[in-house]
$ cat entry_2.txt   # compact mmCIF, C-alpha atoms
# COMPACT_ATOMS: atom_id res chain seq x y z
CA MET A 784 175.69 132.18 32.45
CA ASN A 785 174.44 128.70 31.54
CA THR A 786 178.02 127.42 31.74
CA PHE A 787 178.40 128.91 35.24
CA PHE A 788 175.20 127.24 36.48
CA SER A 789 176.37 123.93 35.02
CA TYR A 790 179.43 124.19 37.30
CA VAL A 791 177.17 124.99 40.26
CA LEU A 792 175.25 121.80 39.49
CA LEU A 793 178.56 119.96 39.22
CA GLY A 794 179.46 121.14 42.73
CA LEU A 795 176.08 119.94 44.03
CA SER A 796 176.44 116.53 42.38
CA LEU A 797 180.00 116.11 43.67
CA SER A 798 178.87 116.75 47.26
CA ALA A 799 175.72 114.65 47.22
CA PRO A 800 177.07 111.05 47.46
CA VAL A 801 176.90 109.68 51.02
CA GLY A 802 180.31 109.69 52.67
CA PRO A 803 182.05 110.40 55.97
CA ILE A 804 181.49 114.16 55.72
CA ASN A 805 177.72 113.80 55.37
CA ALA A 806 177.66 111.30 58.24
CA ALA A 807 179.69 113.66 60.42
CA GLN A 808 177.36 116.55 59.57
CA LEU A 809 174.33 114.51 60.62
CA ASN A 810 176.05 113.58 63.86
CA ARG A 811 177.01 117.16 64.71
CA GLY A 812 173.64 118.54 63.72
CA ILE A 813 171.78 116.07 65.93
CA HIS A 814 173.93 116.83 68.96
CA TYR A 815 174.83 120.51 68.55
CA GLY A 816 172.59 122.11 65.93
CA PHE A 817 172.84 123.82 62.55
CA LEU A 818 176.01 125.86 63.03
CA HIS A 819 178.17 122.91 64.06
CA ALA A 820 176.86 120.77 61.17
CA TRP A 821 177.55 123.63 58.76
CA LEU A 822 181.06 124.12 60.13
CA VAL A 823 181.89 120.45 59.50
CA GLY A 824 180.93 120.98 55.87
CA LEU A 825 182.80 124.29 55.73
CA GLY A 826 185.97 122.63 57.03
CA ALA A 827 185.65 119.92 54.39
CA MET A 828 185.09 122.56 51.74
CA ILE A 829 188.30 124.36 52.73
CA GLY A 830 190.08 121.01 52.38
CA ASP A 831 188.56 120.64 48.91
CA LEU A 832 189.69 124.17 48.07
CA LEU A 833 193.23 123.24 49.08
CA PHE A 834 193.16 120.27 46.71
CA MET A 835 191.77 122.39 43.89
CA LEU A 836 194.51 124.99 44.35
CA LEU A 837 197.19 122.28 44.34
CA ILE A 838 195.72 120.83 41.16
CA TYR A 839 195.34 124.28 39.58
CA PHE A 840 199.01 125.03 40.18
CA GLY A 841 200.06 121.52 39.14
CA VAL A 842 201.62 120.43 42.44
CA ALA A 843 199.14 117.76 43.58
CA GLN A 844 200.90 114.71 42.13
CA PHE A 845 203.08 114.20 45.20
CA LEU A 846 199.90 113.44 47.20
CA THR A 847 199.41 110.23 45.21
CA THR A 848 202.83 108.74 46.01
CA PRO A 849 202.65 105.41 47.94
CA LEU A 850 204.27 106.90 51.08
CA MET A 851 201.90 109.88 51.22
CA LYS A 852 198.84 107.74 50.45
CA THR A 853 199.77 105.31 53.25
CA PHE A 854 200.14 108.19 55.69
CA LEU A 855 196.80 109.69 54.65
CA TRP A 856 194.96 106.34 54.84
CA LEU A 857 196.27 105.81 58.39
CA PHE A 858 195.51 109.38 59.43
CA GLY A 859 192.00 109.10 58.00
CA PHE A 860 191.55 105.78 59.81
CA PHE A 861 192.28 107.34 63.21
CA ILE A 862 190.18 110.47 62.55
CA LEU A 863 187.10 108.56 61.36
CA VAL A 864 187.21 105.79 63.95
CA TYR A 865 187.65 108.34 66.75
CA THR A 866 184.76 110.47 65.46
CA GLY A 867 182.57 107.38 65.03
CA ILE A 868 183.24 106.17 68.55
CA GLU A 869 182.56 109.68 69.86
CA SER A 870 179.21 109.67 68.02
CA ILE A 871 178.17 106.30 69.44
CA ALA A 872 179.34 107.23 72.94
CA GLY A 873 177.25 110.40 72.86
CA ALA A 874 174.20 108.78 71.26
CA LYS A 875 172.55 107.95 74.61
CA LYS A 876 172.42 111.65 75.39
CA THR A 877 169.78 112.01 72.68
CA LEU A 878 167.40 109.76 74.65
CA HIS A 879 167.08 112.30 77.43
CA ALA A 880 166.02 115.84 76.70
CA ASN A 881 167.74 117.20 79.79
CA ALA A 882 170.92 115.16 79.48
CA ALA A 883 174.13 117.13 79.16
CA VAL A 884 175.64 116.78 75.69
CA PRO A 885 179.45 116.41 75.79
CA ALA A 886 181.05 119.82 75.42
CA THR A 887 182.56 120.79 72.08
CA THR A 888 183.58 123.93 70.23
CA LYS A 889 182.82 125.40 66.84
CA GLY A 890 186.52 125.14 66.03
CA LYS A 891 186.48 121.41 66.68
CA SER A 892 183.54 120.93 64.32
CA PHE A 893 185.39 122.88 61.62
CA ARG A 894 188.62 120.94 62.18
CA ASN A 895 186.80 117.59 62.04
CA GLY A 896 185.49 118.39 58.57
CA PHE A 897 188.83 119.73 57.40
CA TRP A 898 190.88 116.74 58.60
CA MET A 899 188.35 114.29 57.15
CA ALA A 900 188.62 115.98 53.77
CA ILE A 901 192.40 116.22 53.53
CA SER A 902 193.11 112.78 55.02
CA ASN A 903 191.02 110.94 52.43
CA PRO A 904 193.15 109.72 49.50
CA LEU A 905 189.95 108.94 47.60
CA ASN A 906 189.12 112.63 47.87
CA ILE A 907 192.51 113.53 46.41
CA VAL A 908 192.15 111.11 43.50
CA PHE A 909 188.56 112.28 43.05
CA TRP A 910 189.53 115.92 42.69
CA LEU A 911 192.50 115.06 40.49
CA GLY A 912 190.14 113.19 38.19
CA ILE A 913 187.18 115.60 38.22
CA TYR A 914 188.79 119.01 38.57
CA GLY A 915 191.85 117.94 36.59
CA ALA A 916 189.52 116.93 33.74
CA VAL A 917 187.65 120.26 34.01
CA LEU A 918 190.91 122.18 33.74
CA ALA A 919 192.11 120.06 30.84
CA LYS A 920 188.85 120.64 28.97
CA THR A 921 188.45 124.36 29.64
CA SER A 922 192.00 125.73 29.88
CA ASP A 923 192.25 126.10 26.10
CA MET A 924 188.76 127.58 25.79
CA TYR A 925 188.72 130.16 28.59
CA SER A 926 191.01 132.70 30.22
CA ASN A 927 192.44 132.20 33.71
CA GLN A 928 189.88 134.68 35.04
CA GLN A 929 187.02 132.68 33.54
CA LEU A 930 188.47 129.45 34.95
CA LEU A 931 188.46 130.99 38.42
CA ILE A 932 184.85 132.13 37.96
CA TYR A 933 183.73 128.67 36.85
CA SER A 934 185.71 127.07 39.68
CA SER A 935 183.85 129.33 42.09
CA GLY A 936 180.63 127.90 40.62
CA ILE A 937 181.71 124.45 41.81
CA PHE A 938 182.19 125.86 45.29
CA ILE A 939 178.83 127.60 45.30
CA GLY A 940 177.31 124.18 44.61
CA ILE A 941 179.30 122.66 47.49
CA ILE A 942 178.20 125.49 49.82
CA LEU A 943 174.55 124.96 48.87
CA TRP A 944 174.83 121.25 49.67
CA ASP A 945 176.60 122.07 52.93
CA VAL A 946 173.74 124.35 54.02
CA PHE A 947 171.19 121.74 52.90
CA MET A 948 172.85 118.96 54.92
CA ALA A 949 173.15 121.18 57.98
CA GLY A 950 169.44 121.98 57.64
CA VAL A 951 168.56 118.28 57.32
CA ALA A 952 170.59 117.42 60.42
CA THR A 953 168.97 120.23 62.39
CA SER A 954 165.51 119.13 61.23
CA PHE A 955 166.25 115.66 62.55
CA ARG A 956 167.10 117.19 65.89
CA ARG A 957 163.99 119.35 65.96
CA PHE A 958 161.30 117.02 64.63
CA PHE A 959 162.43 113.48 65.40
CA LYS A 960 161.76 111.85 68.74
CA SER A 961 164.71 111.04 70.98
CA ARG A 962 164.61 107.32 70.13
CA ALA A 963 164.90 108.09 66.39
CA LEU A 964 167.75 110.54 67.04
CA TYR A 965 169.52 107.85 69.05
CA VAL A 966 169.27 105.39 66.15
CA ILE A 967 170.45 108.02 63.63
CA ALA A 968 173.42 108.94 65.82
CA ILE A 969 174.35 105.25 66.15
CA ILE A 970 174.07 104.74 62.38
CA ALA A 971 176.19 107.84 61.73
CA GLY A 972 178.82 106.55 64.16
CA ILE A 973 178.87 103.07 62.61
CA THR A 974 179.14 104.63 59.14
CA LEU A 975 182.15 106.69 60.21
CA ILE A 976 183.83 103.67 61.80
CA GLY A 977 183.08 101.66 58.66
CA PHE A 978 184.81 104.23 56.48
CA GLY A 979 187.67 104.32 58.99
CA ILE A 980 188.13 100.54 58.85
CA TYR A 981 188.16 100.74 55.05
CA PHE A 982 190.86 103.42 55.24
CA GLY A 983 192.88 101.25 57.64
CA TYR A 984 192.52 98.25 55.31
CA GLU A 985 193.81 100.28 52.36
CA ALA A 986 196.77 101.49 54.45
CA LEU A 987 197.54 97.88 55.42
CA LEU A 988 197.49 96.81 51.77
CA LEU A 989 199.99 99.54 50.89
CA LEU A 990 202.24 98.62 53.82
CA MET A 991 202.27 94.98 52.72
CA GLU A 992 203.31 95.75 49.14
$ encode --input "entry_2.txt" --output "structure tokens"
Amino acid sequence: MNTFFSYVLLGLSLSAPVGPINAAQLNRGIHYGFLHAWLVGLGAMIGDLLFMLLIYFGVAQFLTTPLMKTFLWLFGFFILVYTGIESIAGAKKTLHANAAVPATTKGKSFRNGFWMAISNPLNIVFWLGIYGAVLAKTSDMYSNQQLLIYSSGIFIGIILWDVFMAGVATSFRRFFKSRALYVIAIIAGITLIGFGIYFGYEALLLLME
């Protein structure tokens, strides 16, 4: 049981560092509430699950080829810059309680998180390094069934962080004044664009090689 909880803590620690997913969750939570923020995280988690399955079955190496990495960097660039601009464009709506927030759907929130997760080559390398190391360490010690149980512990940790971030974003919306929400939405948008520019820079470096 202690081993299982250590994997839950691993999932929490893997999700905690600030990145585009957390910024997107804050943005969605401020504008649309808990469920949309949670769905962004859920979409990202499904992307993480896809990577873990590819690593588990040993077919993830093709994702680190130069051609695929270039494609993913560029795709991530467009997704993040678009989402960042959307956040900044909608930030003024938070200044007015009765202002109409741009329409969106739960499916769009889910897809945003999913595309952000699978279009991030750093995410791929991250999971190859972390989960690949976990498999290498435990495959000789535990059965396949135990590996699946411990892998589920990682995902429970990710789910807990997802719910926590959605709650934080919703708290911002509920307790912060409109001016503070405006600033947070702007910062979230700039953060997303910043990550997007970094992705575009990495794609450019690969194209120039």
$ residues_around --input "entry_2.txt" --residues "stretch 846-862 of chain A" --least-positions-apart "6" --cutoff "7 Å" --atoms "all atoms listed in the file" --output "list of chain:residue names"
A:Met899, A:Ser902, A:Asn903, A:Pro904, A:Gly979, A:Ile980, A:Phe982, A:Gly983, A:Glu985, A:Ala986, A:Leu989
$ atom_distance --input "entry_2.txt" --atom1 "atom CA of A:Val791" --atom2 "atom CA of A:Tyr933"
8.3 Å
$ atom_distance --input "entry_2.txt" --atom1 "atom CA of A:Gly816" --atom2 "atom CA of A:Gly977"
24.1 Å
$ atom_distance --input "entry_2.txt" --atom1 "atom CA of A:Met828" --atom2 "atom CA of A:Ile871"
25.0 Å
$ axis_aligned_box --input "entry_2.txt" --around "stretch 856-865 of chain A" --padding-each-side "5 Å" --output "JSON"
{"center_x": 191.7, "center_y": 108.1, "center_z": 60.8, "size_x": 19.2, "size_y": 14.7, "size_z": 21.9}
$ residues_around --input "entry_2.txt" --residues "stretch 941-958 of chain A" --least-positions-apart "3" --cutoff "10 Å" --atoms "all atoms listed in the file" --output "MDAnalysis selection string"
chainID A and resid 791:799 804:825 827:828 831 877 935:938 961 963:964 967
$ closest_atom_pairs --input "entry_2.txt" --of "stretch 802-891 of chain A" --to "stretch 908-912 of chain A" --cutoff "7 Å" --atoms "only C-alpha atoms" --output "Markdown table"
| residue | atom | partner | partner_atom | distance |
| --- | --- | --- | --- | --- |
| A:Phe834 | CA | A:Trp910 | CA | 6.9 |
| A:Met835 | CA | A:Trp910 | CA | 7.0 |
| A:Ile838 | CA | A:Leu911 | CA | 6.6 |
$ closest_residue --input "entry_2.txt" --among "A:Ile969, A:Gly940, A:Gln929, A:Met991" --to "A:Glu869" --atoms "only C-alpha atoms"
A:Ile969
$ closest_residue --input "entry_2.txt" --among "A:Tyr981, A:Phe788, A:Glu992, A:Thr866" --to "A:Ser892" --atoms "only C-alpha atoms"
A:Thr866
$ closest_residue --input "entry_2.txt" --among "A:Tyr984, A:Pro803, A:Ala872, A:Leu833" --to "A:Ile907" --atoms "only C-alpha atoms"
A:Leu833
$ residues_around --input "entry_2.txt" --residues "A:Phe897" --least-positions-apart "4" --cutoff "7 Å" --atoms "all atoms listed in the file" --output "list in words"
Gly826, Ala827, Ile829, Gly830, Phe893 and Ile901 of chain A
